[in-house]
$ cat my_file_37.txt   # compact mmCIF, C-alpha atoms
# COMPACT_ATOMS: atom_id res chain seq x y z
CA MET A 1103 101.57 -112.44 106.45
CA SER A 1104 104.49 -111.32 108.49
CA LYS A 1105 107.81 -110.83 106.80
CA PRO A 1106 110.77 -112.97 107.81
CA VAL A 1107 113.19 -111.41 110.25
CA SER A 1108 116.81 -112.09 110.99
CA ALA A 1109 118.85 -111.55 114.11
CA VAL A 1110 121.12 -108.52 114.39
CA GLU A 1111 124.70 -109.07 115.38
CA TYR A 1112 126.62 -106.18 116.87
CA SER A 1113 130.21 -105.60 115.87
CA LYS A 1114 132.57 -105.78 118.80
CA VAL A 1115 135.18 -103.05 118.76
CA ASP A 1116 137.50 -101.43 121.28
CA ALA A 1117 137.36 -97.68 121.80
CA ALA A 1118 140.13 -95.89 119.87
CA PRO A 1119 139.54 -92.10 120.12
CA SER A 1120 141.82 -89.85 118.12
CA GLY A 1121 141.99 -86.25 116.94
CA GLU A 1122 140.23 -83.17 118.30
CA PRO A 1123 136.93 -83.28 120.24
CA LEU A 1124 134.05 -83.33 117.83
CA LEU A 1125 132.27 -80.57 119.75
CA PRO A 1126 134.14 -77.34 120.42
CA VAL A 1127 133.68 -75.82 123.84
CA ASP A 1128 131.13 -73.29 122.81
CA LEU A 1129 128.28 -72.48 125.16
CA GLY A 1130 126.39 -71.24 122.18
CA LEU A 1131 125.69 -74.83 121.24
CA VAL A 1132 123.78 -75.41 124.46
CA GLY A 1133 122.52 -71.87 124.77
CA ASP A 1134 118.89 -72.89 124.62
CA VAL A 1135 119.14 -75.39 127.43
CA GLU A 1136 117.21 -74.04 130.40
CA VAL A 1137 118.49 -74.27 133.93
CA GLN A 1138 117.63 -72.78 137.29
CA LEU A 1139 119.93 -70.77 139.47
CA THR A 1140 119.75 -71.17 143.22
CA GLY A 1141 120.05 -68.11 145.39
CA HIS A 1142 121.42 -68.73 148.84
CA ILE A 1143 119.92 -66.18 151.20
CA GLY A 1144 121.25 -67.56 154.44
CA GLN A 1145 121.04 -70.39 156.88
CA CYS A 1146 120.57 -71.02 160.54
CA VAL A 1147 122.30 -73.62 162.62
CA MET A 1148 120.64 -74.55 165.87
CA SER A 1149 120.56 -77.37 168.36
CA VAL A 1150 117.61 -79.71 168.62
CA ALA A 1151 117.07 -78.32 172.10
CA THR A 1152 116.62 -74.86 170.61
CA LEU A 1153 114.37 -76.23 167.91
CA TYR A 1154 112.02 -77.61 170.53
CA VAL A 1155 111.58 -74.30 172.31
CA LEU A 1156 110.89 -72.19 169.24
CA LYS A 1157 107.63 -70.31 169.34
CA LYS A 1158 105.60 -68.38 166.86
CA GLY A 1159 107.05 -64.89 166.61
CA ASP A 1160 110.59 -65.94 167.39
CA ILE A 1161 113.29 -64.36 165.28
CA VAL A 1162 115.59 -66.90 163.69
CA GLY A 1163 118.81 -65.36 162.47
CA LEU A 1164 120.07 -66.46 159.07
CA GLY A 1165 123.74 -65.84 159.70
CA ALA A 1166 124.13 -63.22 156.99
CA ASP A 1167 124.26 -59.45 157.04
CA VAL A 1168 121.40 -57.73 155.26
CA ASN A 1169 123.90 -56.18 152.89
CA GLN A 1170 125.70 -59.42 152.20
CA PRO A 1171 125.26 -60.42 148.57
CA ILE A 1172 123.20 -63.44 147.65
CA GLU A 1173 125.18 -66.07 145.83
CA LEU A 1174 123.56 -67.45 142.72
CA SER A 1175 124.85 -70.90 141.94
CA LEU A 1176 124.37 -73.60 139.38
CA HIS A 1177 124.96 -77.12 140.68
CA GLY A 1178 126.92 -75.74 143.60
CA LYS A 1179 129.13 -73.44 141.52
CA VAL A 1180 128.65 -69.72 142.11
CA VAL A 1181 128.02 -68.03 138.79
CA ALA A 1182 126.86 -64.63 140.01
CA ARG A 1183 126.07 -62.54 143.06
CA GLY A 1184 123.26 -60.15 143.67
CA ARG A 1185 121.04 -58.48 146.21
CA LEU A 1186 117.46 -59.05 147.14
CA VAL A 1187 115.15 -56.36 145.83
CA ALA A 1188 111.44 -55.86 145.31
CA GLN A 1189 109.81 -55.63 141.92
CA ASP A 1190 106.10 -55.61 141.16
CA GLY A 1191 105.12 -56.96 144.54
CA LYS A 1192 107.56 -59.79 144.36
CA PHE A 1193 111.10 -60.40 145.38
CA ALA A 1194 113.79 -60.25 142.76
CA ILE A 1195 117.56 -60.44 142.61
CA GLU A 1196 119.54 -57.61 141.17
CA VAL A 1197 122.80 -58.92 139.79
CA THR A 1198 125.82 -57.18 141.23
CA GLU A 1199 128.64 -59.43 140.08
CA VAL A 1200 129.01 -62.13 137.45
CA ALA A 1201 131.49 -64.87 136.78
CA SER A 1202 133.76 -64.44 133.83
CA ASP A 1203 135.35 -67.03 131.58
CA GLY A 1204 133.48 -69.82 133.28
CA ARG A 1205 135.08 -69.07 136.63
CA SER A 1206 133.12 -68.59 139.82
CA ALA A 1207 132.08 -65.05 140.60
CA MET B 637 93.59 -123.04 162.58
CA MET B 638 96.73 -124.18 160.86
CA ALA B 639 99.54 -125.69 162.86
CA ILE B 640 102.50 -123.41 163.18
CA ARG B 641 106.12 -124.35 163.31
CA ARG B 642 108.66 -122.14 164.94
CA PRO B 643 112.40 -122.37 164.32
CA GLY B 644 112.59 -124.75 167.26
CA VAL B 645 116.35 -124.64 167.69
CA PHE B 646 118.36 -123.07 170.46
CA THR B 647 121.79 -121.60 170.83
CA PRO B 648 124.33 -123.33 173.06
CA GLU B 649 123.84 -120.54 175.59
CA GLN B 650 120.10 -121.08 175.59
CA GLN B 651 120.56 -124.82 175.94
CA GLU B 652 122.83 -124.27 178.90
CA LEU B 653 120.31 -121.95 180.48
CA LEU B 654 117.51 -124.44 179.90
CA HIS B 655 119.61 -127.19 181.41
CA THR B 656 120.12 -125.12 184.53
CA GLN B 657 116.44 -124.30 184.85
CA LEU B 658 115.21 -127.83 184.21
CA ALA B 659 117.80 -129.31 186.57
CA ALA B 660 116.54 -126.98 189.27
CA LEU B 661 113.04 -128.20 188.55
CA ALA B 662 114.11 -131.84 188.74
CA ASN B 663 115.88 -131.21 192.03
CA GLU B 664 112.86 -129.48 193.45
CA TRP B 665 110.70 -132.33 192.36
CA ALA B 666 113.04 -134.89 193.78
CA GLN B 667 113.03 -133.24 197.16
CA ALA B 668 109.24 -133.19 197.20
CA TRP B 669 108.56 -136.68 195.85
CA LEU B 670 111.46 -139.06 195.54
CA PRO B 671 114.40 -138.06 197.67
CA GLY B 672 117.69 -139.30 196.32
CA GLU B 673 119.99 -138.99 193.40
CA VAL B 674 118.81 -136.89 190.43
CA ASP B 675 120.01 -137.48 186.90
CA LEU B 676 118.84 -135.24 184.06
CA GLN B 677 119.50 -135.68 180.37
CA LEU B 678 118.21 -133.26 177.78
CA SER B 679 117.83 -133.73 174.04
CA PHE B 680 117.27 -130.71 171.83
CA ASN B 681 115.88 -130.50 168.34
CA GLN B 682 118.70 -129.61 165.95
CA GLN B 683 116.83 -128.92 162.75
CA LEU B 684 115.14 -125.68 161.84
CA PHE B 685 111.34 -125.81 161.88
CA ALA B 686 111.43 -129.46 162.81
CA GLU B 687 110.72 -131.32 166.02
CA LEU B 688 112.10 -134.25 167.89
CA ALA B 689 110.75 -137.43 166.40
CA ALA B 690 107.85 -138.82 168.34
CA ASN B 691 108.84 -142.18 169.79
CA THR B 692 106.06 -143.78 171.72
CA ASN B 693 107.74 -147.14 172.00
CA PRO B 694 108.01 -147.72 175.75
CA SER B 695 110.86 -150.18 175.36
CA SER B 696 113.09 -147.44 174.05
CA ARG B 697 112.54 -145.53 177.21
CA HIS B 698 113.43 -148.13 179.74
CA ASP B 699 109.95 -149.59 179.98
CA CYS B 700 108.32 -146.22 180.39
CA SER B 701 104.58 -145.94 179.97
CA TRP B 702 102.89 -142.84 178.59
CA LEU B 703 100.73 -141.34 181.29
CA LEU B 704 100.03 -138.20 179.35
CA PRO B 705 100.67 -137.33 175.71
CA ASP B 706 104.06 -135.93 176.59
CA VAL B 707 104.89 -137.62 179.87
CA ALA B 708 106.11 -141.20 180.21
CA VAL B 709 107.18 -142.91 183.38
CA ALA B 710 108.50 -146.35 184.31
CA LEU B 711 105.62 -147.43 186.46
CA ASP B 712 107.47 -150.47 187.73
CA THR B 713 110.03 -148.37 189.48
CA VAL B 714 107.39 -146.10 190.93
CA ARG B 715 105.56 -149.11 192.21
CA ASN B 716 108.73 -150.61 193.65
CA TYR B 717 109.50 -147.36 195.37
CA LEU B 718 106.05 -147.11 196.89
CA CYS B 719 106.13 -150.73 197.90
CA GLN B 720 109.38 -150.16 199.69
CA LEU B 721 107.84 -147.27 201.52
CA ALA B 722 104.82 -149.39 202.46
CA ALA B 723 106.84 -152.60 202.98
CA ILE B 724 104.57 -154.62 200.68
CA THR B 725 105.43 -157.07 197.92
CA PRO B 726 105.62 -155.50 194.45
CA VAL B 727 103.42 -156.96 191.72
CA ARG B 728 103.89 -156.75 187.95
CA ILE B 729 101.61 -154.07 186.64
CA ASN B 730 101.08 -154.96 183.04
CA LYS B 731 100.83 -158.72 183.26
CA GLU B 732 97.94 -159.09 185.65
CA PRO B 733 94.37 -158.16 184.72
CA ALA B 734 93.32 -157.25 188.22
CA LYS B 735 95.13 -154.33 189.67
CA SER B 736 96.54 -154.67 193.13
CA ASN B 737 96.45 -151.88 195.60
CA ALA B 738 100.17 -151.39 194.95
CA GLN B 739 99.45 -151.02 191.24
CA LYS B 740 96.66 -148.55 191.76
CA THR B 741 98.67 -146.59 194.24
CA SER B 742 101.71 -146.43 192.00
CA GLU B 743 99.63 -145.33 189.03
CA GLU B 744 97.91 -142.65 191.03
CA PHE B 745 101.22 -141.54 192.39
CA ALA B 746 102.81 -141.38 188.96
CA GLN B 747 99.76 -139.62 187.57
CA ALA B 748 99.93 -137.02 190.31
CA MET B 749 103.62 -136.48 189.62
CA ALA B 750 103.05 -136.14 185.89
CA THR B 751 100.20 -133.70 186.44
CA ASP B 752 102.31 -131.71 188.85
CA LEU B 753 105.15 -131.56 186.37
CA LEU B 754 102.96 -130.44 183.50
CA LYS B 755 101.47 -127.70 185.61
CA ARG B 756 104.87 -126.15 185.67
CA PHE B 757 104.79 -125.53 181.93
CA VAL B 758 102.48 -123.37 179.87
CA PRO B 759 99.67 -125.28 178.12
CA VAL B 760 100.01 -126.05 174.44
CA ASN B 761 97.17 -126.07 171.94
CA ALA B 762 96.91 -128.68 169.23
CA GLU B 763 98.19 -126.27 166.57
CA GLU B 764 101.15 -125.31 168.72
CA ARG B 765 102.49 -128.79 169.25
CA GLN B 766 106.16 -128.93 168.30
CA VAL B 767 108.32 -131.08 170.53
CA VAL B 768 111.76 -129.55 170.65
CA THR B 769 113.19 -130.78 173.93
CA GLU B 770 113.05 -134.07 175.73
CA MET B 771 113.83 -134.41 179.40
CA ARG B 772 114.91 -137.79 180.70
CA ILE B 773 114.85 -137.62 184.46
CA LYS B 774 115.98 -140.28 186.80
CA LEU B 775 114.82 -139.66 190.35
CA ASN B 776 116.28 -142.23 192.64
CA THR B 777 115.52 -145.29 190.48
CA THR B 778 112.48 -143.94 188.70
CA GLN B 779 112.68 -143.03 185.03
CA TRP B 780 110.68 -140.19 183.52
CA VAL B 781 110.47 -138.80 180.04
CA VAL B 782 108.93 -135.40 179.50
CA ARG B 783 108.62 -133.97 176.05
CA LEU B 784 108.42 -130.18 175.90
CA HIS B 785 107.09 -128.06 173.09
CA ASP B 786 108.64 -124.94 171.64
CA LYS B 787 106.07 -122.69 173.28
CA GLN B 788 106.89 -124.19 176.66
CA ILE B 789 110.61 -123.81 176.15
CA GLN B 790 110.25 -120.23 174.96
CA ALA B 791 108.35 -119.46 178.14
CA LEU B 792 111.32 -120.68 180.14
CA LEU B 793 113.78 -118.51 178.29
CA PRO B 794 114.13 -114.98 179.50
CA ALA B 795 112.98 -112.26 177.21
CA LEU B 796 115.61 -111.05 174.86
CA GLN B 797 117.82 -108.82 176.91
CA VAL B 798 118.02 -105.45 175.26
CA SER B 799 119.83 -102.81 177.20
CA ALA B 800 117.44 -99.98 176.57
CA LEU B 801 119.00 -96.58 176.24
CA PRO B 802 117.41 -94.45 178.93
CA ALA B 803 115.13 -92.00 177.18
CA LEU B 804 116.65 -89.20 179.17
CA HIS B 805 120.09 -89.92 177.75
CA LEU B 806 118.69 -90.04 174.25
CA LEU B 807 117.06 -86.66 174.68
CA ASP B 808 120.25 -85.26 176.14
CA ALA B 809 122.19 -86.51 173.16
CA LEU B 810 119.64 -85.14 170.73
CA ASN B 811 119.60 -81.78 172.44
CA GLU B 812 123.25 -81.33 171.55
CA GLN B 813 122.71 -82.40 167.97
CA THR B 814 122.67 -79.42 165.65
CA VAL B 815 120.52 -79.01 162.59
CA THR B 816 120.99 -76.63 159.70
CA PHE B 817 118.17 -74.93 157.85
CA ALA B 818 119.13 -73.32 154.58
CA LEU B 819 117.02 -70.58 153.05
CA THR B 820 117.33 -70.67 149.29
CA VAL B 821 115.32 -69.43 146.39
CA ASN B 822 115.25 -70.70 142.84
CA SER B 823 115.30 -68.43 139.86
CA PRO B 824 112.90 -69.04 137.02
CA SER B 825 114.22 -71.42 134.41
CA LEU B 826 116.63 -69.51 132.22
CA PRO B 827 118.38 -70.46 129.00
CA ILE B 828 122.10 -70.88 129.45
CA SER B 829 122.62 -68.13 126.89
CA GLN B 830 120.76 -65.71 129.17
CA ILE B 831 122.82 -66.74 132.18
CA LYS B 832 125.93 -66.28 130.11
CA ALA B 833 124.74 -62.78 129.29
CA LEU B 834 124.10 -61.75 132.88
CA GLN B 835 125.41 -58.30 133.65
CA PRO B 836 125.51 -56.27 136.85
CA GLY B 837 122.31 -54.31 137.16
CA MET B 838 120.13 -56.95 135.53
CA VAL B 839 117.21 -58.14 137.62
CA LEU B 840 116.02 -61.71 137.92
CA ALA B 841 112.37 -61.76 138.89
CA LEU B 842 111.37 -64.36 141.46
CA GLU B 843 108.03 -66.01 142.10
CA GLN B 844 108.24 -65.25 145.81
CA SER B 845 105.62 -62.67 146.75
CA LEU B 846 106.55 -59.97 149.21
CA GLU B 847 103.65 -61.04 151.42
CA ALA B 848 104.35 -64.74 151.28
CA THR B 849 106.21 -66.69 153.90
CA TRP B 850 109.56 -68.32 153.26
CA LYS B 851 110.33 -71.90 154.08
CA LEU B 852 113.58 -73.11 155.56
CA ALA B 853 113.77 -76.68 154.55
CA LEU B 854 115.39 -79.58 156.29
CA LEU B 855 114.80 -83.26 155.67
CA GLY B 856 111.51 -84.07 157.29
CA MET B 857 110.59 -80.60 158.52
CA GLN B 858 110.56 -76.96 157.67
CA LEU B 859 110.49 -73.62 159.42
CA GLU B 860 108.13 -71.14 157.88
CA GLY B 861 108.11 -67.40 158.40
CA TYR B 862 108.67 -63.95 156.97
CA LEU B 863 112.03 -62.62 155.86
CA VAL B 864 112.98 -59.68 158.05
CA ALA B 865 116.00 -57.80 159.25
CA SER B 866 117.00 -58.30 162.83
CA GLY B 867 119.43 -55.51 163.48
CA GLU B 868 121.81 -55.87 160.57
CA GLU B 869 121.16 -59.58 160.12
CA LYS B 870 118.78 -61.33 157.78
CA ALA B 871 116.31 -63.29 159.82
CA LEU B 872 113.08 -65.20 159.74
CA TYR B 873 110.07 -64.11 161.75
CA LEU B 874 108.78 -67.54 162.67
CA GLU B 875 105.20 -68.41 161.87
CA GLN B 876 105.18 -72.17 162.20
CA ILE B 877 107.18 -75.39 162.15
CA GLN B 878 105.85 -78.22 160.05
CA LYS B 879 106.71 -81.83 159.61
CA VAL B 880 106.90 -82.58 155.91
CA ASN B 881 107.29 -85.72 153.89
CA LYS B 882 110.79 -86.41 152.76

$ encode --input "my_file_37.txt" --output "structure tokens"
Amino acid sequence: MSKPVSAVEYSKVDAAPSGEPLLPVDLGLVGDVEVQLTGHIGQCVMSVATLYVLKKGDIVGLGADVNQPIELSLHGKVVARGRLVAQDGKFAIEVTEVASDGRSA
Amino acid sequence: MMAIRRPGVFTPEQQELLHTQLAALANEWAQAWLPGEVDLQLSFNQQLFAELAANTNPSSRHDCSWLLPDVAVALDTVRNYLCQLAAITPVRINKEPAKSNAQKTSEEFAQAMATDLLKRFVPVNAEERQVVTEMRIKLNTTQWVVRLHDKQIQALLPALQVSALPALHLLDALNEQTVTFALTVNSPSLPISQIKALQPGMVLALEQSLEATWKLALLGMQLEGYLVASGEEKALYLEQIQKVNK
């Protein structure tokens, strides 16, 4: 036997915020949230005509000096800079500069 | 096979073009068969996926008789015309059981004209029948009705005029178009607290092996090669270009 049910009616109210934000701006509260940083190594701009004549073994410049730091960004905002290094047979980024107080590096 | 119905309607421009073409046909026909004044009236279907109502009542077409499924002609006038040419007395066609020579000649003449006219249009199969245009032609004093199907009318219309961009121009334009390939690398997933604690000197390990190729991605394609230094500039030693799914 199923039990009788009744419809739910939602109260209609208008938003009326007041007082301080309930959540203080404290990154510690979201400290466990995991994100990925994107390192921008360089980029090349070329015409389609150039694209069609590329051959294996061609050198494609990336428009950045080898000593130019790599920008590490989160959703387009630079949060740190570093340089490309090798570690245990893999590439790695050694941090050289970090953003402070939430500002871009 | 199921009968198909096409839209069967035409723009004013198309109707004008058809009028020009069919008038030229009527004039050509008149010069070959019945020299004299030519009068052409066209009726077009006006309703989408419909056709002109079939009206086989000869009285509505000035005593026309149907020689072919879509061709009617006023045999009396044909006969009169031929009789004038031969200087013989015309005889009513439909009222007398025995056909006179004038009757037979006029029928044969009309039949030949109808056949000639239909040869000028593409054939229509049973499932393609959709009368969308009716020609009423008056050559000298002879009345004709020709009903044309959508397929036949479409064959008269020129192919849709599309000014094709010369491929050479397109390639020229594309050659000047620039594309940008960005070389990026993602860090491992890190807690925000760890990012917040980043300090100069700390090292973020990457998954990219020293021996592995890098990929410069662009929508639809990617360049793949090894990261090298070209002089003082970072560069990619190209291994291959691949088309990739977006």

$ residues_around --input "my_file_37.txt" --residues "Ala708 in chain B" --least-positions-apart "2" --cutoff "9 Å" --atoms "all atoms listed in the file" --output "list in words"
Thr692, Pro694, Arg697, Cys700, Ser701, Trp702, Leu703, Leu704, Pro705, Asp706, Ala710, Leu711, Ala750, Gln779, Trp780, Val781, Val782 and Arg783 of chain B

$ residues_around --input "my_file_37.txt" --residues "Met1148 in chain A" --least-positions-apart "5" --cutoff "7 Å" --atoms "all atoms listed in the file" --output "list in words"
Leu1153 of chain A; Thr814, Val815 and Thr816 of chain B

$ residues_near_point --input "my_file_37.txt" --point "(105.6, -69.6, 166.1)" --cutoff "12 Å" --atoms "all atoms listed in the file" --output "ChimeraX atom specification"
/A:1153-1162 /B:859-862,872-878

$ interface_residues --input "my_file_37.txt" --of "chain B" --to "chain A" --cutoff "8 Å" --atoms "all atoms listed in the file" --output "MDAnalysis selection string"
chainID B and resid 810:830 834:846 865:866 868:876

$ atom_distance --input "my_file_37.txt" --atom1 "CA of Leu661 in chain B" --atom2 "CA of Ile640 in chain B"
27.9 Å

$ atom_distance --input "my_file_37.txt" --atom1 "CA of Ala662 in chain B" --atom2 "CA of Leu753 in chain B"
9.3 Å

$ residues_around --input "my_file_37.txt" --residues "range 764-777 of chain B" --least-positions-apart "4" --cutoff "8 Å" --atoms "all atoms listed in the file" --output "JSON, numbers by chain"
{"B": [639, 640, 641, 642, 644, 645, 662, 666, 670, 671, 672, 673, 674, 675, 676, 677, 678, 679, 680, 681, 686, 687, 688, 689, 713, 760, 781, 782, 783, 784, 785, 786, 787, 789]}
